[in-house]
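Heads up: the structure comes next, in structure tokens.
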Amino acid sequence: MVQRTSNAEVMSMDLSPKKPAKAYGSDGGAYYDWSPADLPMLGAASIGAAKLHLSAGGLALPSYSDSAKIAYVLQGAGACGLVLPEAASEKVIPVKEGDTLALPFGAVTWWHNAEGASAELVVLFLGDTSKGHTPGRFTNFQLTGATGIFTGFSTEFVARAWDLDQDAAAKIVSTQPGSGIVKIAAGHRMPEPRPDDRQGVVVNCLDAPLDVDIPGGGRVVVLNTANLPPVKDVGLGSDLVRIDGRSMCSPGFSCDSAYQVTYIVRGGGRVQVVGIDGTRVLETRAEAGCLFIVPRFFVVSKIADDTGMEWFSIITTPNPIFSHLAGKTSVWKAISPAVLETAFNTTPEMEKLFRSKRLDSEIFFAPN
């Protein structure tokens, strides 16, 4: 049973954006993650967050996780090997910047950056840890290497399981000294990525049709069960939002009891979050590489710097619904004038002025 965090605990938490810390690595790359000790909302929301950086020739060894995840490719291009539960064969998926994959429980993956790659392959992982070992942190199980599962079994068990003699069993388990990430030997041929394996598994947020496109304001691509069906199994929705320089993202909240987990991809800007009893619980500047979490039903708004701001978010429901508190689709346009007059304790003239604004603006507001 998941223990709920009290209102007082949420209101007192440090919500400020944080960058990850290095967990492990080698000359093939590094794995970074965010800790609930540094970002307490991770534990409260049972959300895990991590990044994989692979240098040219780097290979993240086959592994599975205790959590369902969304993977988003932040930079570079490469391959993702994916074996879904009960699948008879692997998919070898070509991936590139902007790609989003939904990885359900039990999925075994490996990631590879080509030997001649000119840039790092960087992948962001965000997911639900409510059924994991540590709330707020992924636990990954390596299949091979120095920390691989089979290093813990006796040689007798390994030999029996794989139908090998004991010498061969001992050798195959012990010959990979690397842990988690390695660099492939020069000239070693890896499987060729197969474009057909992207079908139904990957959506590229930079190529996908825009769900919202406001000139001078911003653009949104939403990923849900309609365009990426595997998110149903993962239980998470996601979106990529890009707002132009000095534009504002309308104050709004998730109205289906979901947490919003936001990673700043590039650019930066100001962020304000308001919680219970109109208390501002966060006022800060967020920059590329930072992550923050908005508690359930809290209202968040952002204003981009001169260069704009881009962020990738997951929402802890596969088909999220947002309510906005400014713009032509806001609740204010639906409430009766007489109710607004009394609610704001204002005059009919002020109510009409208020209602007359933002008639053509939706979600994003370009600078005046």
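Chain labels A, B, ... are given in the sequence in which chains occur in the structure tokens; within each chain residues are numbered consecutively from 1, and ligands are likewise numbered from 1 in the order shown.
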Spatial neighbours of range 243-251 of chain A, 7 Å, only C-alpha atoms, chain gap at least 2 places, as a PyMOL selection string: chain A and resi 216-219+241+299-310+324-326+363-367
Neighbour list for Thr100 in chain A as an MDAnalysis selection string, cut-off 8 Å, only C-alpha atoms, skip fewer than 5 positions in-chain: chainID A and resid 70:73 202:205
Top pick for closest residue to Pro20 in chain A, considering A:Arg198, A:His112, A:His188, A:Arg137 and counting only C-alpha atoms: A:Arg137
Range 154-361 of chain A: residues DSSP assigns to strand (DSSP E or B), reported as a ChimeraX atom specification: /A:179,181-183,202-204,212-214,218-223,237-243,248-254,260-274,280-287,291-294,299-315,322-324
Might you pull out every residue within 6 Å of Gly57 in chain A, with only C-alpha atoms counted and same-chain residues fewer than 2 positions away left off, and present them as a compact mmCIF listing (two decimals) with all heavy atoms, in the first residue's frame?
```txt
# COMPACT_ATOMS: atom_id res chain seq x y z
N ASN A 113 25.57 3.29 -29.02
CA ASN A 113 25.96 4.44 -29.84
C ASN A 113 27.05 3.96 -30.79
O ASN A 113 28.05 3.38 -30.35
CB ASN A 113 26.46 5.59 -28.96
CG ASN A 113 26.58 6.89 -29.74
OD1 ASN A 113 26.07 7.03 -30.85
ND2 ASN A 113 27.27 7.85 -29.14
N ALA A 114 26.86 4.19 -32.06
CA ALA A 114 27.76 3.64 -33.08
C ALA A 114 29.21 4.07 -32.86
O ALA A 114 29.49 5.16 -32.35
CB ALA A 114 27.30 4.06 -34.47
N GLU A 115 30.12 3.20 -33.28
CA GLU A 115 31.55 3.44 -33.08
C GLU A 115 32.00 4.75 -33.71
O GLU A 115 32.84 5.46 -33.16
CB GLU A 115 32.33 2.26 -33.67
CG GLU A 115 33.81 2.31 -33.40
CD GLU A 115 34.53 1.09 -33.93
OE1 GLU A 115 33.87 0.21 -34.53
OE2 GLU A 115 35.76 1.02 -33.77
N LYS A 183 32.49 -0.31 -23.50
CA LYS A 183 32.81 0.16 -24.86
C LYS A 183 33.12 -1.06 -25.71
O LYS A 183 33.94 -1.90 -25.32
CB LYS A 183 34.00 1.11 -24.84
CG LYS A 183 34.18 1.87 -26.15
CD LYS A 183 35.02 3.12 -25.95
CE LYS A 183 35.02 3.99 -27.20
NZ LYS A 183 35.70 5.28 -26.98
N ILE A 184 32.47 -1.16 -26.87
CA ILE A 184 32.66 -2.34 -27.71
C ILE A 184 34.06 -2.31 -28.33
O ILE A 184 34.64 -1.24 -28.54
CB ILE A 184 31.58 -2.44 -28.80
CG1 ILE A 184 31.64 -1.25 -29.75
CG2 ILE A 184 30.19 -2.58 -28.19
CD1 ILE A 184 30.75 -1.39 -30.98
```
Residue neighbourhood Cys255 in chain A, 7 Å, only C-alpha atoms, exclusion window fewer than 2 positions, as a list in words: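 Near Cys255 in chain A, the qualifying residues are Phe253, Ser257, Phe297, Ile321, Phe322 and Ser323 of chain A.
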Saved selection, atoms kept: all heavy atoms, as a CSV table (one decimal), in the first residue's frame:
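Full text of part08.csv as output:
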```
chain,number,residue,atom,x,y,z
A,253,PHE,N,-3.3,23.3,-14.2
A,253,PHE,CA,-3.1,22.2,-13.3
A,253,PHE,C,-3.7,20.9,-13.9
A,253,PHE,O,-4.5,21.0,-14.8
A,253,PHE,CB,-3.7,22.4,-11.9
A,253,PHE,CG,-5.2,22.5,-11.9
A,253,PHE,CD1,-6.0,21.4,-11.7
A,253,PHE,CD2,-5.9,23.7,-12.2
A,253,PHE,CE1,-7.4,21.5,-11.7
A,253,PHE,CE2,-7.2,23.9,-12.2
A,253,PHE,CZ,-8.0,22.7,-11.9
A,257,SER,N,-5.7,14.2,-10.9
A,257,SER,CA,-4.9,13.8,-9.7
A,257,SER,C,-3.6,13.2,-10.1
A,257,SER,O,-3.1,12.3,-9.6
A,257,SER,CB,-5.7,12.7,-8.9
A,257,SER,OG,-5.1,12.4,-7.7
A,297,PHE,N,-2.7,18.8,-8.4
A,297,PHE,CA,-3.6,19.9,-8.3
A,297,PHE,C,-2.9,21.3,-8.1
A,297,PHE,O,-3.6,22.3,-8.0
A,297,PHE,CB,-4.7,19.6,-7.3
A,297,PHE,CG,-5.5,18.4,-7.6
A,297,PHE,CD1,-5.4,17.3,-6.8
A,297,PHE,CD2,-6.4,18.4,-8.6
A,297,PHE,CE1,-6.2,16.2,-7.0
A,297,PHE,CE2,-7.2,17.3,-8.9
A,297,PHE,CZ,-7.1,16.2,-8.1
A,321,ILE,N,-5.4,15.2,-18.6
A,321,ILE,CA,-6.3,16.3,-18.8
A,321,ILE,C,-5.9,17.5,-18.0
A,321,ILE,O,-5.6,17.4,-16.8
A,321,ILE,CB,-7.8,16.0,-18.5
A,321,ILE,CG1,-8.3,14.7,-19.3
A,321,ILE,CG2,-8.7,17.1,-18.7
A,321,ILE,CD1,-9.6,14.2,-18.8
A,322,PHE,N,-5.8,18.7,-18.6
A,322,PHE,CA,-5.3,19.9,-17.9
A,322,PHE,C,-6.4,20.9,-17.9
A,322,PHE,O,-7.2,21.0,-18.9
A,322,PHE,CB,-4.0,20.4,-18.6
A,322,PHE,CG,-2.8,19.6,-18.3
A,322,PHE,CD1,-2.4,18.7,-19.2
A,322,PHE,CD2,-2.1,19.8,-17.2
A,322,PHE,CE1,-1.3,17.9,-19.0
A,322,PHE,CE2,-1.0,19.0,-16.9
A,322,PHE,CZ,-0.6,18.1,-17.9
A,323,SER,N,-6.4,21.7,-16.9
A,323,SER,CA,-7.3,22.8,-16.8
A,323,SER,C,-6.5,24.1,-16.7
A,323,SER,O,-5.6,24.2,-15.9
A,323,SER,CB,-8.2,22.7,-15.5
A,323,SER,OG,-9.2,23.8,-15.5
```
In range 135-285 of chain A, DSSP helix (DSSP H, G or I) residues written as an MDAnalysis selection string: chainID A and resid 149:151 155:162 166:174 195:198 231:234 276:278
Could the residues in this selection be saved with N, CA and C atoms as a compact mmCIF listing (two decimals), in the first residue's frame?
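File again.txt, as written:
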```txt
# COMPACT_ATOMS: atom_id res chain seq x y z
N ILE A 149 23.08 -10.57 -12.94
CA ILE A 149 22.29 -11.49 -12.13
C ILE A 149 23.00 -12.83 -11.94
N PHE A 150 23.61 -13.35 -13.02
CA PHE A 150 24.14 -14.71 -12.95
C PHE A 150 25.47 -14.80 -12.21
N THR A 151 26.06 -13.66 -11.84
CA THR A 151 27.23 -13.73 -10.97
C THR A 151 26.83 -14.17 -9.57
N THR A 155 27.93 -21.86 -9.88
CA THR A 155 28.27 -22.41 -11.19
C THR A 155 27.38 -23.59 -11.53
N GLU A 156 27.04 -24.41 -10.54
CA GLU A 156 26.16 -25.56 -10.77
C GLU A 156 24.81 -25.12 -11.34
N PHE A 157 24.22 -24.07 -10.75
CA PHE A 157 22.93 -23.60 -11.22
C PHE A 157 23.02 -23.01 -12.63
N VAL A 158 24.09 -22.23 -12.89
CA VAL A 158 24.26 -21.64 -14.22
C VAL A 158 24.43 -22.73 -15.26
N ALA A 159 25.27 -23.69 -14.96
CA ALA A 159 25.52 -24.78 -15.90
C ALA A 159 24.23 -25.55 -16.19
N ARG A 160 23.46 -25.82 -15.16
CA ARG A 160 22.21 -26.57 -15.34
C ARG A 160 21.20 -25.76 -16.15
N ALA A 161 21.10 -24.46 -15.87
CA ALA A 161 20.12 -23.61 -16.56
C ALA A 161 20.44 -23.48 -18.04
N TRP A 162 21.73 -23.35 -18.38
CA TRP A 162 22.12 -23.07 -19.76
C TRP A 162 22.63 -24.32 -20.50
N GLN A 166 30.48 -27.11 -16.38
CA GLN A 166 30.74 -26.11 -15.35
C GLN A 166 31.87 -25.17 -15.72
N ASP A 167 32.88 -25.65 -16.43
CA ASP A 167 33.97 -24.76 -16.85
C ASP A 167 33.45 -23.67 -17.80
N ALA A 168 32.63 -24.08 -18.77
CA ALA A 168 32.08 -23.11 -19.72
C ALA A 168 31.15 -22.12 -19.01
N ALA A 169 30.37 -22.64 -18.06
CA ALA A 169 29.45 -21.77 -17.32
C ALA A 169 30.22 -20.73 -16.51
N ALA A 170 31.27 -21.16 -15.83
CA ALA A 170 32.07 -20.23 -15.03
C ALA A 170 32.72 -19.18 -15.92
N LYS A 171 33.18 -19.62 -17.09
CA LYS A 171 33.89 -18.70 -17.98
C LYS A 171 32.94 -17.64 -18.55
N ILE A 172 31.78 -18.06 -19.05
CA ILE A 172 30.89 -17.10 -19.73
C ILE A 172 30.35 -16.05 -18.76
N VAL A 173 30.20 -16.43 -17.49
CA VAL A 173 29.68 -15.48 -16.50
C VAL A 173 30.76 -14.48 -16.06
N SER A 174 32.01 -14.88 -16.10
CA SER A 174 33.07 -14.06 -15.50
C SER A 174 33.90 -13.25 -16.49
N PRO A 195 14.44 -0.18 -39.37
CA PRO A 195 13.41 0.87 -39.32
C PRO A 195 12.00 0.34 -39.09
N ASP A 196 11.69 -0.84 -39.60
CA ASP A 196 10.35 -1.41 -39.40
C ASP A 196 10.05 -1.68 -37.93
N ASP A 197 11.10 -1.85 -37.12
CA ASP A 197 10.88 -2.13 -35.70
C ASP A 197 10.40 -0.90 -34.92
N ARG A 198 10.42 0.27 -35.55
CA ARG A 198 9.90 1.48 -34.89
C ARG A 198 8.36 1.48 -34.86
N VAL A 231 1.79 3.28 -24.07
CA VAL A 231 1.71 4.06 -22.83
C VAL A 231 0.59 3.55 -21.92
N LYS A 232 -0.37 2.85 -22.50
CA LYS A 232 -1.44 2.26 -21.67
C LYS A 232 -0.85 1.27 -20.68
N ASP A 233 0.12 0.47 -21.14
CA ASP A 233 0.75 -0.51 -20.26
C ASP A 233 1.69 0.16 -19.26
N VAL A 234 2.25 1.29 -19.64
CA VAL A 234 3.18 2.01 -18.77
C VAL A 234 2.42 2.86 -17.75
N ILE A 276 -1.62 24.97 -1.89
CA ILE A 276 -2.80 25.09 -1.04
C ILE A 276 -2.87 26.47 -0.40
N ASP A 277 -4.09 27.00 -0.30
CA ASP A 277 -4.36 28.31 0.32
C ASP A 277 -3.62 29.45 -0.37
N GLY A 278 -3.40 29.32 -1.68
CA GLY A 278 -2.78 30.39 -2.44
C GLY A 278 -1.33 30.65 -2.09
```
Considering only C-alpha atoms, tabulate each residue of range 300-331 of chain A that lies at most 9 Å from range 345-361 of chain A along with its nearest interatomic pair and the corresponding distance in Å to one decimal; arrange the rows by chain and ascending residue number and present them as a tab-separated table.
```
residue	atom	partner	partner_atom	distance
A:Ala326	CA	A:Arg358	CA	7.5
A:Gly327	CA	A:Arg358	CA	4.9
A:Lys328	CA	A:Leu359	CA	4.9
A:Thr329	CA	A:Ser361	CA	8.5
```
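By only C-alpha atoms, and with residues fewer than 5 positions from Gly76 in chain A along its chain excluded, the set lying at most 10 Å from it is A:His53, A:Leu54, A:Ser55, A:Val95, A:Lys96, A:Glu97, A:Gly98, A:Asn113, A:Ala117, A:Ser118, A:Ala119, A:Glu120, A:Leu121, A:Val122, A:Val123.
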CA of Pro215 in chain A to CA of Ala334 in chain A, straight-line distance in Å: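 It comes out at 24.8 Å.
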Extract, using only C-alpha atoms, all DNA, RNA and protein residues at most 10 Å from Pro85 in chain A, discarding same-chain residues fewer than 3 positions from it, and format them as a PDB file with N, CA and C atoms, in the first residue's frame.
```
ATOM      1  N   LEU A  82      15.266  -4.098 -27.823  1.00  0.00           N
ATOM      2  CA  LEU A  82      14.099  -4.232 -26.950  1.00  0.00           C
ATOM      3  C   LEU A  82      13.523  -5.635 -27.072  1.00  0.00           C
ATOM      4  N   ALA A  88       9.273 -13.485 -28.764  1.00  0.00           N
ATOM      5  CA  ALA A  88      10.163 -14.538 -29.264  1.00  0.00           C
ATOM      6  C   ALA A  88      11.458 -13.977 -29.833  1.00  0.00           C
ATOM      7  N   PRO A 104       7.451  -1.062 -20.817  1.00  0.00           N
ATOM      8  CA  PRO A 104       6.642  -1.652 -19.742  1.00  0.00           C
ATOM      9  C   PRO A 104       7.472  -2.499 -18.791  1.00  0.00           C
ATOM     10  N   PHE A 105       6.841  -2.936 -17.692  1.00  0.00           N
ATOM     11  CA  PHE A 105       7.491  -3.873 -16.779  1.00  0.00           C
ATOM     12  C   PHE A 105       7.984  -5.094 -17.547  1.00  0.00           C
ATOM     13  N   GLY A 106       9.155  -5.554 -17.181  1.00  0.00           N
ATOM     14  CA  GLY A 106       9.677  -6.784 -17.765  1.00  0.00           C
ATOM     15  C   GLY A 106      10.414  -6.613 -19.069  1.00  0.00           C
ATOM     16  N   ALA A 107      10.405  -5.415 -19.644  1.00  0.00           N
ATOM     17  CA  ALA A 107      11.113  -5.190 -20.908  1.00  0.00           C
ATOM     18  C   ALA A 107      12.625  -5.230 -20.666  1.00  0.00           C
ATOM     19  N   VAL A 108      13.316  -5.987 -21.487  1.00  0.00           N
ATOM     20  CA  VAL A 108      14.781  -6.028 -21.446  1.00  0.00           C
ATOM     21  C   VAL A 108      15.303  -5.119 -22.564  1.00  0.00           C
TER      22      VAL A 108
END
```
Counting only C-alpha atoms, the option among A:Leu74, A:Leu291, A:Leu282, A:Val92 closest to Ile47 in chain A: A:Leu291
